[in-house]
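Okay, target-v1.cif is below, mmCIF, N, CA and C atoms:
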```
data_structure
loop_
_atom_site.label_atom_id
_atom_site.label_comp_id
_atom_site.auth_asym_id
_atom_site.auth_seq_id
_atom_site.Cartn_x
_atom_site.Cartn_y
_atom_site.Cartn_z
N MET V 1 -85.95 86.61 7.60
CA MET V 1 -84.61 86.06 7.62
C MET V 1 -83.73 86.91 6.69
N SER V 2 -82.55 87.27 7.16
CA SER V 2 -81.65 88.10 6.35
C SER V 2 -80.97 87.27 5.27
N ALA V 3 -80.44 87.97 4.28
CA ALA V 3 -79.71 87.29 3.20
C ALA V 3 -78.50 86.56 3.75
N ILE V 4 -77.84 87.13 4.75
CA ILE V 4 -76.68 86.48 5.36
C ILE V 4 -77.09 85.20 6.08
N THR V 5 -78.17 85.25 6.85
CA THR V 5 -78.65 84.06 7.55
C THR V 5 -79.03 82.96 6.57
N GLU V 6 -79.70 83.34 5.49
CA GLU V 6 -80.06 82.36 4.45
C GLU V 6 -78.82 81.73 3.84
N TYR V 7 -77.82 82.55 3.52
CA TYR V 7 -76.59 82.04 2.92
C TYR V 7 -75.88 81.08 3.88
N LEU V 8 -75.81 81.44 5.15
CA LEU V 8 -75.16 80.58 6.14
C LEU V 8 -75.88 79.24 6.27
N ASP V 9 -77.21 79.25 6.23
CA ASP V 9 -77.97 78.00 6.26
C ASP V 9 -77.65 77.14 5.05
N ASP V 10 -77.58 77.77 3.87
CA ASP V 10 -77.25 77.04 2.64
C ASP V 10 -75.85 76.43 2.72
N ILE V 11 -74.89 77.21 3.22
CA ILE V 11 -73.50 76.74 3.33
C ILE V 11 -73.41 75.57 4.29
N GLU V 12 -74.11 75.67 5.42
CA GLU V 12 -74.08 74.57 6.39
C GLU V 12 -74.61 73.28 5.77
N ARG V 13 -75.74 73.37 5.07
CA ARG V 13 -76.30 72.18 4.40
C ARG V 13 -75.31 71.63 3.38
N LEU V 14 -74.71 72.53 2.59
CA LEU V 14 -73.75 72.11 1.57
C LEU V 14 -72.57 71.38 2.21
N LEU V 15 -71.96 71.99 3.21
CA LEU V 15 -70.73 71.44 3.79
C LEU V 15 -70.94 70.11 4.50
N TYR V 16 -72.07 69.95 5.15
CA TYR V 16 -72.27 68.73 5.91
C TYR V 16 -72.88 67.59 5.10
N ASN V 17 -73.08 67.81 3.81
CA ASN V 17 -73.59 66.75 2.94
C ASN V 17 -72.60 66.38 1.84
N ILE V 18 -71.35 66.71 2.01
CA ILE V 18 -70.32 66.40 1.01
C ILE V 18 -69.92 64.93 1.15
N PRO V 19 -69.99 64.17 0.05
CA PRO V 19 -69.51 62.78 0.13
C PRO V 19 -68.00 62.73 0.30
N PHE V 20 -67.52 61.64 0.87
CA PHE V 20 -66.09 61.38 1.08
C PHE V 20 -65.45 62.38 2.05
N ARG V 21 -66.24 63.04 2.86
CA ARG V 21 -65.76 64.06 3.81
C ARG V 21 -65.42 63.39 5.13
N LEU V 22 -64.21 63.66 5.63
CA LEU V 22 -63.83 63.19 6.96
C LEU V 22 -64.21 64.20 8.02
N SER V 23 -63.92 65.47 7.75
CA SER V 23 -64.21 66.50 8.74
C SER V 23 -64.42 67.84 8.05
N THR V 24 -65.08 68.72 8.76
CA THR V 24 -65.32 70.08 8.28
C THR V 24 -65.11 71.04 9.43
N LYS V 25 -64.39 72.11 9.16
CA LYS V 25 -64.23 73.20 10.13
C LYS V 25 -64.71 74.47 9.45
N ILE V 26 -65.42 75.29 10.19
CA ILE V 26 -65.89 76.55 9.64
C ILE V 26 -65.86 77.62 10.72
N HIS V 27 -65.43 78.80 10.32
CA HIS V 27 -65.41 79.96 11.21
C HIS V 27 -66.21 81.06 10.52
N VAL V 28 -67.19 81.60 11.22
CA VAL V 28 -68.07 82.61 10.65
C VAL V 28 -67.98 83.87 11.48
N GLU V 29 -67.81 85.00 10.79
CA GLU V 29 -67.91 86.31 11.42
C GLU V 29 -69.04 87.06 10.73
N ASN V 30 -70.19 87.07 11.37
CA ASN V 30 -71.34 87.82 10.87
C ASN V 30 -71.30 89.18 11.54
N ARG V 31 -71.02 90.17 10.80
CA ARG V 31 -70.85 91.52 11.35
C ARG V 31 -72.15 92.30 11.26
N GLY V 32 -73.10 91.88 12.07
CA GLY V 32 -74.36 92.59 12.19
C GLY V 32 -75.23 92.54 10.96
N ASP V 33 -75.19 91.45 10.22
CA ASP V 33 -75.96 91.31 8.98
C ASP V 33 -75.65 92.39 7.96
N ILE V 34 -74.47 93.01 8.11
CA ILE V 34 -73.99 94.00 7.14
C ILE V 34 -72.85 93.41 6.32
N ALA V 35 -72.00 92.66 6.97
CA ALA V 35 -70.85 92.02 6.31
C ALA V 35 -70.69 90.62 6.88
N LEU V 36 -70.09 89.76 6.08
CA LEU V 36 -69.91 88.36 6.46
C LEU V 36 -68.55 87.88 5.98
N TYR V 37 -67.80 87.25 6.89
CA TYR V 37 -66.53 86.61 6.55
C TYR V 37 -66.62 85.16 6.97
N ILE V 38 -66.36 84.26 6.03
CA ILE V 38 -66.39 82.82 6.29
C ILE V 38 -65.05 82.24 5.89
N ARG V 39 -64.51 81.38 6.72
CA ARG V 39 -63.33 80.61 6.32
C ARG V 39 -63.49 79.21 6.91
N GLY V 40 -62.88 78.26 6.23
CA GLY V 40 -63.00 76.89 6.73
C GLY V 40 -62.19 75.93 5.91
N GLU V 41 -62.37 74.66 6.26
CA GLU V 41 -61.69 73.59 5.52
C GLU V 41 -62.53 72.34 5.56
N VAL V 42 -62.39 71.58 4.49
CA VAL V 42 -63.02 70.27 4.38
C VAL V 42 -61.89 69.28 4.15
N GLU V 43 -61.80 68.26 5.01
CA GLU V 43 -60.81 67.20 4.81
C GLU V 43 -61.52 65.99 4.24
N PHE V 44 -60.93 65.41 3.19
CA PHE V 44 -61.52 64.27 2.52
C PHE V 44 -60.82 62.97 2.95
N VAL V 45 -61.42 61.84 2.59
CA VAL V 45 -60.95 60.54 3.04
C VAL V 45 -59.52 60.21 2.62
N ASN V 46 -59.04 60.83 1.55
CA ASN V 46 -57.66 60.56 1.09
C ASN V 46 -56.65 61.54 1.70
N GLY V 47 -57.09 62.37 2.63
CA GLY V 47 -56.19 63.33 3.28
C GLY V 47 -56.08 64.66 2.55
N SER V 48 -56.71 64.78 1.38
CA SER V 48 -56.70 66.06 0.68
C SER V 48 -57.62 67.03 1.43
N LYS V 49 -57.38 68.34 1.21
CA LYS V 49 -58.16 69.35 1.90
C LYS V 49 -58.55 70.48 0.96
N LEU V 50 -59.74 70.99 1.19
CA LEU V 50 -60.22 72.18 0.49
C LEU V 50 -60.36 73.27 1.53
N TYR V 51 -59.56 74.32 1.38
CA TYR V 51 -59.64 75.49 2.25
C TYR V 51 -60.45 76.55 1.50
N PHE V 52 -61.29 77.27 2.22
CA PHE V 52 -62.10 78.29 1.56
C PHE V 52 -62.21 79.53 2.42
N LYS V 53 -62.34 80.67 1.72
CA LYS V 53 -62.57 81.97 2.35
C LYS V 53 -63.53 82.75 1.45
N GLU V 54 -64.48 83.40 2.08
CA GLU V 54 -65.40 84.26 1.35
C GLU V 54 -65.68 85.49 2.20
N TYR V 55 -65.78 86.64 1.53
CA TYR V 55 -66.12 87.88 2.22
C TYR V 55 -67.25 88.56 1.45
N PHE V 56 -68.32 88.87 2.17
CA PHE V 56 -69.52 89.46 1.57
C PHE V 56 -69.85 90.78 2.26
N ILE V 57 -70.55 91.61 1.52
CA ILE V 57 -71.20 92.78 2.09
C ILE V 57 -72.68 92.64 1.72
N ALA V 58 -73.55 93.12 2.60
CA ALA V 58 -74.99 92.91 2.39
C ALA V 58 -75.77 94.21 2.24
N ILE V 59 -75.11 95.23 1.74
CA ILE V 59 -75.79 96.51 1.55
C ILE V 59 -75.69 96.89 0.07
N PRO V 60 -76.69 97.04 -0.69
CA PRO V 60 -78.09 96.81 -0.35
C PRO V 60 -78.49 95.34 -0.47
N VAL V 61 -77.70 94.54 -1.24
CA VAL V 61 -77.97 93.10 -1.36
C VAL V 61 -76.67 92.35 -1.09
N LEU V 62 -76.79 91.04 -0.85
CA LEU V 62 -75.61 90.23 -0.57
C LEU V 62 -74.71 90.16 -1.80
N LYS V 63 -73.47 90.58 -1.66
CA LYS V 63 -72.52 90.59 -2.76
C LYS V 63 -71.18 90.06 -2.27
N LYS V 64 -70.63 89.08 -3.00
CA LYS V 64 -69.33 88.51 -2.64
C LYS V 64 -68.23 89.44 -3.16
N LEU V 65 -67.40 89.92 -2.24
CA LEU V 65 -66.31 90.82 -2.60
C LEU V 65 -65.01 90.06 -2.87
N ALA V 66 -64.77 89.02 -2.09
CA ALA V 66 -63.51 88.29 -2.22
C ALA V 66 -63.75 86.81 -1.92
N TYR V 67 -62.96 85.97 -2.59
CA TYR V 67 -63.05 84.53 -2.33
C TYR V 67 -61.73 83.85 -2.66
N SER V 68 -61.55 82.69 -2.04
CA SER V 68 -60.43 81.80 -2.36
C SER V 68 -60.87 80.39 -2.02
N TYR V 69 -60.69 79.47 -2.98
CA TYR V 69 -61.00 78.06 -2.79
C TYR V 69 -59.74 77.28 -3.17
N HIS V 70 -59.03 76.78 -2.17
CA HIS V 70 -57.71 76.18 -2.35
C HIS V 70 -57.80 74.69 -2.02
N TYR V 71 -57.51 73.85 -3.02
CA TYR V 71 -57.54 72.39 -2.84
C TYR V 71 -56.12 71.88 -2.95
N GLN V 72 -55.73 71.05 -1.95
CA GLN V 72 -54.37 70.50 -1.93
C GLN V 72 -54.42 69.02 -1.56
N ASN V 73 -53.36 68.31 -1.96
CA ASN V 73 -53.29 66.89 -1.63
C ASN V 73 -52.79 66.69 -0.21
N LYS V 74 -52.70 65.43 0.21
CA LYS V 74 -52.30 65.13 1.60
C LYS V 74 -50.88 65.58 1.90
N ASP V 75 -50.06 65.79 0.86
CA ASP V 75 -48.69 66.28 1.05
C ASP V 75 -48.61 67.80 1.00
N GLU V 76 -49.78 68.45 1.03
CA GLU V 76 -49.91 69.91 1.04
C GLU V 76 -49.44 70.57 -0.26
N GLU V 77 -49.50 69.82 -1.37
CA GLU V 77 -49.17 70.36 -2.69
C GLU V 77 -50.46 70.83 -3.36
N ILE V 78 -50.40 72.01 -3.94
CA ILE V 78 -51.59 72.58 -4.57
C ILE V 78 -52.09 71.71 -5.72
N ILE V 79 -53.39 71.53 -5.75
CA ILE V 79 -54.06 70.91 -6.90
C ILE V 79 -54.72 72.03 -7.70
N PHE V 80 -55.47 72.89 -7.01
CA PHE V 80 -55.99 74.10 -7.64
C PHE V 80 -56.32 75.13 -6.56
N ARG V 81 -56.39 76.38 -7.00
CA ARG V 81 -56.93 77.46 -6.17
C ARG V 81 -57.64 78.44 -7.10
N PHE V 82 -58.89 78.66 -6.84
CA PHE V 82 -59.66 79.69 -7.52
C PHE V 82 -59.70 80.90 -6.59
N ASP V 83 -59.46 82.09 -7.13
CA ASP V 83 -59.60 83.29 -6.31
C ASP V 83 -59.80 84.51 -7.19
N ASN V 84 -60.08 85.62 -6.53
CA ASN V 84 -60.23 86.88 -7.25
C ASN V 84 -59.29 87.95 -6.69
N ALA V 85 -58.15 87.50 -6.15
CA ALA V 85 -57.13 88.45 -5.72
C ALA V 85 -56.64 89.20 -6.95
N GLU V 86 -56.38 90.47 -6.81
CA GLU V 86 -56.05 91.32 -7.97
C GLU V 86 -54.55 91.33 -8.25
N HIS V 87 -53.97 90.15 -8.46
CA HIS V 87 -52.53 90.07 -8.71
C HIS V 87 -52.17 89.47 -10.07
N HIS V 88 -53.14 89.23 -10.93
CA HIS V 88 -52.85 88.71 -12.28
C HIS V 88 -53.64 89.49 -13.33
N PRO V 89 -53.32 90.78 -13.53
CA PRO V 89 -54.08 91.59 -14.49
C PRO V 89 -53.93 91.11 -15.94
N GLU V 90 -52.93 90.28 -16.21
CA GLU V 90 -52.73 89.77 -17.57
C GLU V 90 -53.75 88.69 -17.94
N ILE V 91 -54.45 88.15 -16.97
CA ILE V 91 -55.43 87.09 -17.23
C ILE V 91 -56.71 87.71 -17.79
N LYS V 92 -57.24 87.10 -18.84
CA LYS V 92 -58.41 87.63 -19.55
C LYS V 92 -59.62 87.82 -18.63
N THR V 93 -59.77 86.97 -17.64
CA THR V 93 -60.94 87.02 -16.75
C THR V 93 -60.65 87.77 -15.45
N TYR V 94 -59.57 88.54 -15.45
CA TYR V 94 -59.16 89.31 -14.27
C TYR V 94 -60.35 90.00 -13.61
N PRO V 95 -60.49 89.91 -12.30
CA PRO V 95 -59.55 89.37 -11.33
C PRO V 95 -59.73 87.88 -11.07
N HIS V 96 -60.72 87.24 -11.68
CA HIS V 96 -60.99 85.81 -11.43
C HIS V 96 -59.97 84.96 -12.18
N HIS V 97 -59.40 83.98 -11.48
CA HIS V 97 -58.40 83.11 -12.10
C HIS V 97 -58.25 81.82 -11.31
N LYS V 98 -57.54 80.88 -11.92
CA LYS V 98 -57.31 79.57 -11.32
C LYS V 98 -55.81 79.29 -11.29
N HIS V 99 -55.32 78.94 -10.12
CA HIS V 99 -53.94 78.50 -9.97
C HIS V 99 -53.93 76.98 -10.01
N SER V 100 -52.94 76.42 -10.66
CA SER V 100 -52.67 74.99 -10.56
C SER V 100 -51.19 74.87 -10.25
N LYS V 101 -50.69 73.66 -10.23
CA LYS V 101 -49.30 73.45 -9.78
C LYS V 101 -48.31 74.36 -10.49
N ASP V 102 -48.43 74.48 -11.81
CA ASP V 102 -47.43 75.22 -12.58
C ASP V 102 -47.97 76.38 -13.40
N SER V 103 -49.24 76.77 -13.17
CA SER V 103 -49.77 77.81 -14.05
C SER V 103 -50.90 78.59 -13.39
N VAL V 104 -51.23 79.69 -14.03
CA VAL V 104 -52.40 80.49 -13.68
C VAL V 104 -53.21 80.63 -14.97
N SER V 105 -54.51 80.37 -14.88
CA SER V 105 -55.34 80.39 -16.07
C SER V 105 -56.64 81.15 -15.81
N PRO V 106 -57.32 81.54 -16.88
CA PRO V 106 -58.60 82.25 -16.73
C PRO V 106 -59.63 81.37 -16.02
N SER V 107 -60.55 82.03 -15.35
CA SER V 107 -61.65 81.34 -14.68
C SER V 107 -62.82 82.29 -14.54
N LYS V 108 -64.00 81.76 -14.56
CA LYS V 108 -65.17 82.57 -14.24
C LYS V 108 -65.19 82.80 -12.73
N GLU V 109 -66.05 83.68 -12.28
CA GLU V 109 -66.23 83.83 -10.83
C GLU V 109 -66.78 82.51 -10.29
N MET V 110 -66.14 81.99 -9.27
CA MET V 110 -66.51 80.68 -8.75
C MET V 110 -67.37 80.78 -7.49
N LEU V 111 -68.10 79.71 -7.26
CA LEU V 111 -68.88 79.53 -6.05
C LEU V 111 -68.26 78.39 -5.25
N LEU V 112 -68.48 78.39 -3.95
CA LEU V 112 -67.96 77.32 -3.11
C LEU V 112 -68.46 75.96 -3.61
N LYS V 113 -69.72 75.89 -3.96
CA LYS V 113 -70.29 74.62 -4.45
C LYS V 113 -69.53 74.11 -5.67
N GLU V 114 -69.15 75.00 -6.57
CA GLU V 114 -68.42 74.60 -7.78
C GLU V 114 -67.01 74.11 -7.43
N ALA V 115 -66.37 74.75 -6.48
CA ALA V 115 -65.03 74.31 -6.06
C ALA V 115 -65.11 72.93 -5.40
N ILE V 116 -66.15 72.71 -4.60
CA ILE V 116 -66.34 71.39 -3.98
C ILE V 116 -66.56 70.34 -5.05
N THR V 117 -67.38 70.65 -6.04
CA THR V 117 -67.64 69.70 -7.13
C THR V 117 -66.35 69.36 -7.87
N GLU V 118 -65.53 70.36 -8.16
CA GLU V 118 -64.27 70.10 -8.86
C GLU V 118 -63.34 69.24 -8.01
N ALA V 119 -63.26 69.53 -6.72
CA ALA V 119 -62.43 68.72 -5.82
C ALA V 119 -62.94 67.28 -5.77
N LEU V 120 -64.25 67.11 -5.68
CA LEU V 120 -64.82 65.75 -5.65
C LEU V 120 -64.56 65.00 -6.94
N ASN V 121 -64.65 65.66 -8.09
CA ASN V 121 -64.37 64.99 -9.36
C ASN V 121 -62.93 64.48 -9.39
N ILE V 122 -62.00 65.26 -8.90
CA ILE V 122 -60.60 64.84 -8.82
C ILE V 122 -60.45 63.68 -7.86
N LEU V 123 -61.07 63.79 -6.70
CA LEU V 123 -61.00 62.74 -5.68
C LEU V 123 -61.57 61.43 -6.19
N ILE V 124 -62.70 61.48 -6.87
CA ILE V 124 -63.33 60.25 -7.40
C ILE V 124 -62.42 59.58 -8.42
N LYS V 125 -61.79 60.36 -9.28
CA LYS V 125 -60.84 59.78 -10.25
C LYS V 125 -59.69 59.07 -9.55
N LEU V 126 -59.19 59.67 -8.47
CA LEU V 126 -58.11 59.05 -7.71
C LEU V 126 -58.54 57.77 -7.03
N ILE V 127 -59.74 57.76 -6.50
CA ILE V 127 -60.27 56.58 -5.80
C ILE V 127 -60.48 55.43 -6.78
N LYS V 128 -60.90 55.73 -8.01
CA LYS V 128 -61.18 54.70 -9.01
C LYS V 128 -59.92 54.06 -9.58
N ARG V 129 -58.76 54.65 -9.35
CA ARG V 129 -57.51 54.09 -9.89
C ARG V 129 -57.20 52.74 -9.31
#
```
How does the structure come out when it is put into structure tokens?
Amino acid sequence: MSAITEYLDDIERLLYNIPFRLSTKIHVENRGDIALYIRGEVEFVNGSKLYFKEYFIAIPVLKKLAYSYHYQNKDEEIIFRFDNAEHHPEIKTYPHHKHSKDSVSPSKEMLLKEAITEALNILIKLIKR
């Protein structure tokens, strides 16, 4: 089994076992087990959505080149977005950073699982109100 196939299996298990999930959409472009592009969205019970994009190359090993994990409320207002777009060189953790409604802050390189966990923590706080 290739590293890309393994990763896709892990992502599928992750996405379809998210609590408070209404729906999940995913689009996969596996370019011959050499490169992989994934994009999708998870809609939660309160109407909020997590959009994600990841781009990998698998030569010689699977390496994530680009990512974006964008969480927004039902009114399409940003709650957070983690990405590694190279547009904030002033950030200490460049190119990794986190956008929120009014700021950009340092961030470690993020994983989809971590972005889902952060979105769920926010969602749970809202539900408990």
Query raised in the report: Using the chain letters and numbers from this document, which residues of chain V does DSSP assign to strand (DSSP E), as a PyMOL selection string?
Result: chain V and resi 21-31+35-44+49-57+63-72+78-83+97-99+104-106
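Here CA of Leu8 in chain V stands at a distance of 17.2 Å from CA of Met110 in chain V.
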Report task. Could you check which of V:Ser23, V:Ser107, V:Thr117, V:Ser100 is closest to Val42 in chain V, using only N, CA and C atoms? Result ->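 Among V:Ser23, V:Ser107, V:Thr117, V:Ser100, it is V:Ser23 that comes nearest to Val42 in chain V.
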Query - For Arg81 in chain V, the nearest of the candidates V:Lys101, V:Ala58, V:Ile4, V:Lys64, counting only C-alpha atoms - result: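 For Arg81 in chain V, the nearest of the given residues is V:Lys101.
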Query raised in the report: Pick from V:Gly40, V:Leu120, V:Pro95, V:Glu12: nearest to Lys108 in chain V, with only N, CA and C atoms counted?
Result: V:Pro95
Query raised in the report: Do you know which residues the PyMOL selection byres ((chain V and resi 66) around 7) returns on this file, as a list in words?
Result: Lys53, Glu54, Tyr55, Phe56, Lys63, Lys64, Leu65, Tyr67, Ser68, Asp83, Asn84 and Ala85 of chain V
**Report entry** Separation of CA of Lys49 in chain V from CA of Lys74 in chain V, in Å and rounded to one decimal
**Finding:**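 These atoms are spaced 7.2 Å apart.
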Query raised in the report: Taking (-67.0, 81.6, 8.3) in the file's coordinates as the center, which residues reach within 7 Å of it, counting only C-alpha atoms, put as JSON, numbers by chain?
Result: {"V": [26, 27, 28, 29, 37, 38, 39, 40]}
Requested in this report: Measuring atom to atom with only N, CA and C atoms, identify which of V:Gly32, V:Pro19, V:Glu109, V:Ile127 is nearest to His96 in chain V.
Outcome: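 The answer is V:Glu109, which sits nearest to His96 in chain V.
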Requested in this report: With a distance cut-off of 8 Å and only N, CA and C atoms, select the neighbouring residues of Ile78 in chain V, excluding the residue or stretch itself and same-chain residues fewer than 4 positions from it, and output the selection as a ChimeraX atom specification.
Outcome: /V:70-73,99-102
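For the set V:Pro106, V:Leu50, V:Glu118, V:Leu123, the residue with the smallest atom-to-atom gap to Tyr94 in chain V is V:Pro106, counting only N, CA and C atoms.
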Requested in this report: Please return, as a PyMOL selection string, all polymer residues that have at least one atom within 8 Å of the point (-60.9, 60.7, -3.0); use only N, CA and C atoms and the file's own coordinate frame.
Outcome: chain V and resi 20+44-48+119-128
Can I get the selected residues back with N, CA and C atoms, as an mmCIF file, keeping the file's coordinate frame?
```
data_model
loop_
_atom_site.group_PDB
_atom_site.id
_atom_site.type_symbol
_atom_site.label_atom_id
_atom_site.label_comp_id
_atom_site.auth_asym_id
_atom_site.auth_seq_id
_atom_site.Cartn_x
_atom_site.Cartn_y
_atom_site.Cartn_z
ATOM 1 N N PHE V 20 -67.520 61.640 0.870
ATOM 2 C CA PHE V 20 -66.090 61.380 1.080
ATOM 3 C C PHE V 20 -65.450 62.380 2.050
ATOM 4 N N PHE V 44 -60.930 65.410 3.190
ATOM 5 C CA PHE V 44 -61.520 64.270 2.520
ATOM 6 C C PHE V 44 -60.820 62.970 2.950
ATOM 7 N N VAL V 45 -61.420 61.840 2.590
ATOM 8 C CA VAL V 45 -60.950 60.540 3.040
ATOM 9 C C VAL V 45 -59.520 60.210 2.620
ATOM 10 N N ASN V 46 -59.040 60.830 1.550
ATOM 11 C CA ASN V 46 -57.660 60.560 1.090
ATOM 12 C C ASN V 46 -56.650 61.540 1.700
ATOM 13 N N GLY V 47 -57.090 62.370 2.630
ATOM 14 C CA GLY V 47 -56.190 63.330 3.280
ATOM 15 C C GLY V 47 -56.080 64.660 2.550
ATOM 16 N N SER V 48 -56.710 64.780 1.380
ATOM 17 C CA SER V 48 -56.700 66.060 0.680
ATOM 18 C C SER V 48 -57.620 67.030 1.430
ATOM 19 N N ALA V 119 -63.260 69.530 -6.720
ATOM 20 C CA ALA V 119 -62.430 68.720 -5.820
ATOM 21 C C ALA V 119 -62.940 67.280 -5.770
ATOM 22 N N LEU V 120 -64.250 67.110 -5.680
ATOM 23 C CA LEU V 120 -64.820 65.750 -5.650
ATOM 24 C C LEU V 120 -64.560 65.000 -6.940
ATOM 25 N N ASN V 121 -64.650 65.660 -8.090
ATOM 26 C CA ASN V 121 -64.370 64.990 -9.360
ATOM 27 C C ASN V 121 -62.930 64.480 -9.390
ATOM 28 N N ILE V 122 -62.000 65.260 -8.900
ATOM 29 C CA ILE V 122 -60.600 64.840 -8.820
ATOM 30 C C ILE V 122 -60.450 63.680 -7.860
ATOM 31 N N LEU V 123 -61.070 63.790 -6.700
ATOM 32 C CA LEU V 123 -61.000 62.740 -5.680
ATOM 33 C C LEU V 123 -61.570 61.430 -6.190
ATOM 34 N N ILE V 124 -62.700 61.480 -6.870
ATOM 35 C CA ILE V 124 -63.330 60.250 -7.400
ATOM 36 C C ILE V 124 -62.420 59.580 -8.420
ATOM 37 N N LYS V 125 -61.790 60.360 -9.280
ATOM 38 C CA LYS V 125 -60.840 59.780 -10.250
ATOM 39 C C LYS V 125 -59.690 59.070 -9.550
ATOM 40 N N LEU V 126 -59.190 59.670 -8.470
ATOM 41 C CA LEU V 126 -58.110 59.050 -7.710
ATOM 42 C C LEU V 126 -58.540 57.770 -7.030
ATOM 43 N N ILE V 127 -59.740 57.760 -6.500
ATOM 44 C CA ILE V 127 -60.270 56.580 -5.800
ATOM 45 C C ILE V 127 -60.480 55.430 -6.780
ATOM 46 N N LYS V 128 -60.900 55.730 -8.010
ATOM 47 C CA LYS V 128 -61.180 54.700 -9.010
ATOM 48 C C LYS V 128 -59.920 54.060 -9.580
#
```
Query - Pairwise distance for CA of Glu43 in chain V and CA of Ile79 in chain V, rounded to one decimal in Å - result: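 Value for the CA of Glu43 in chain V-CA of Ile79 in chain V distance: 14.0 Å.
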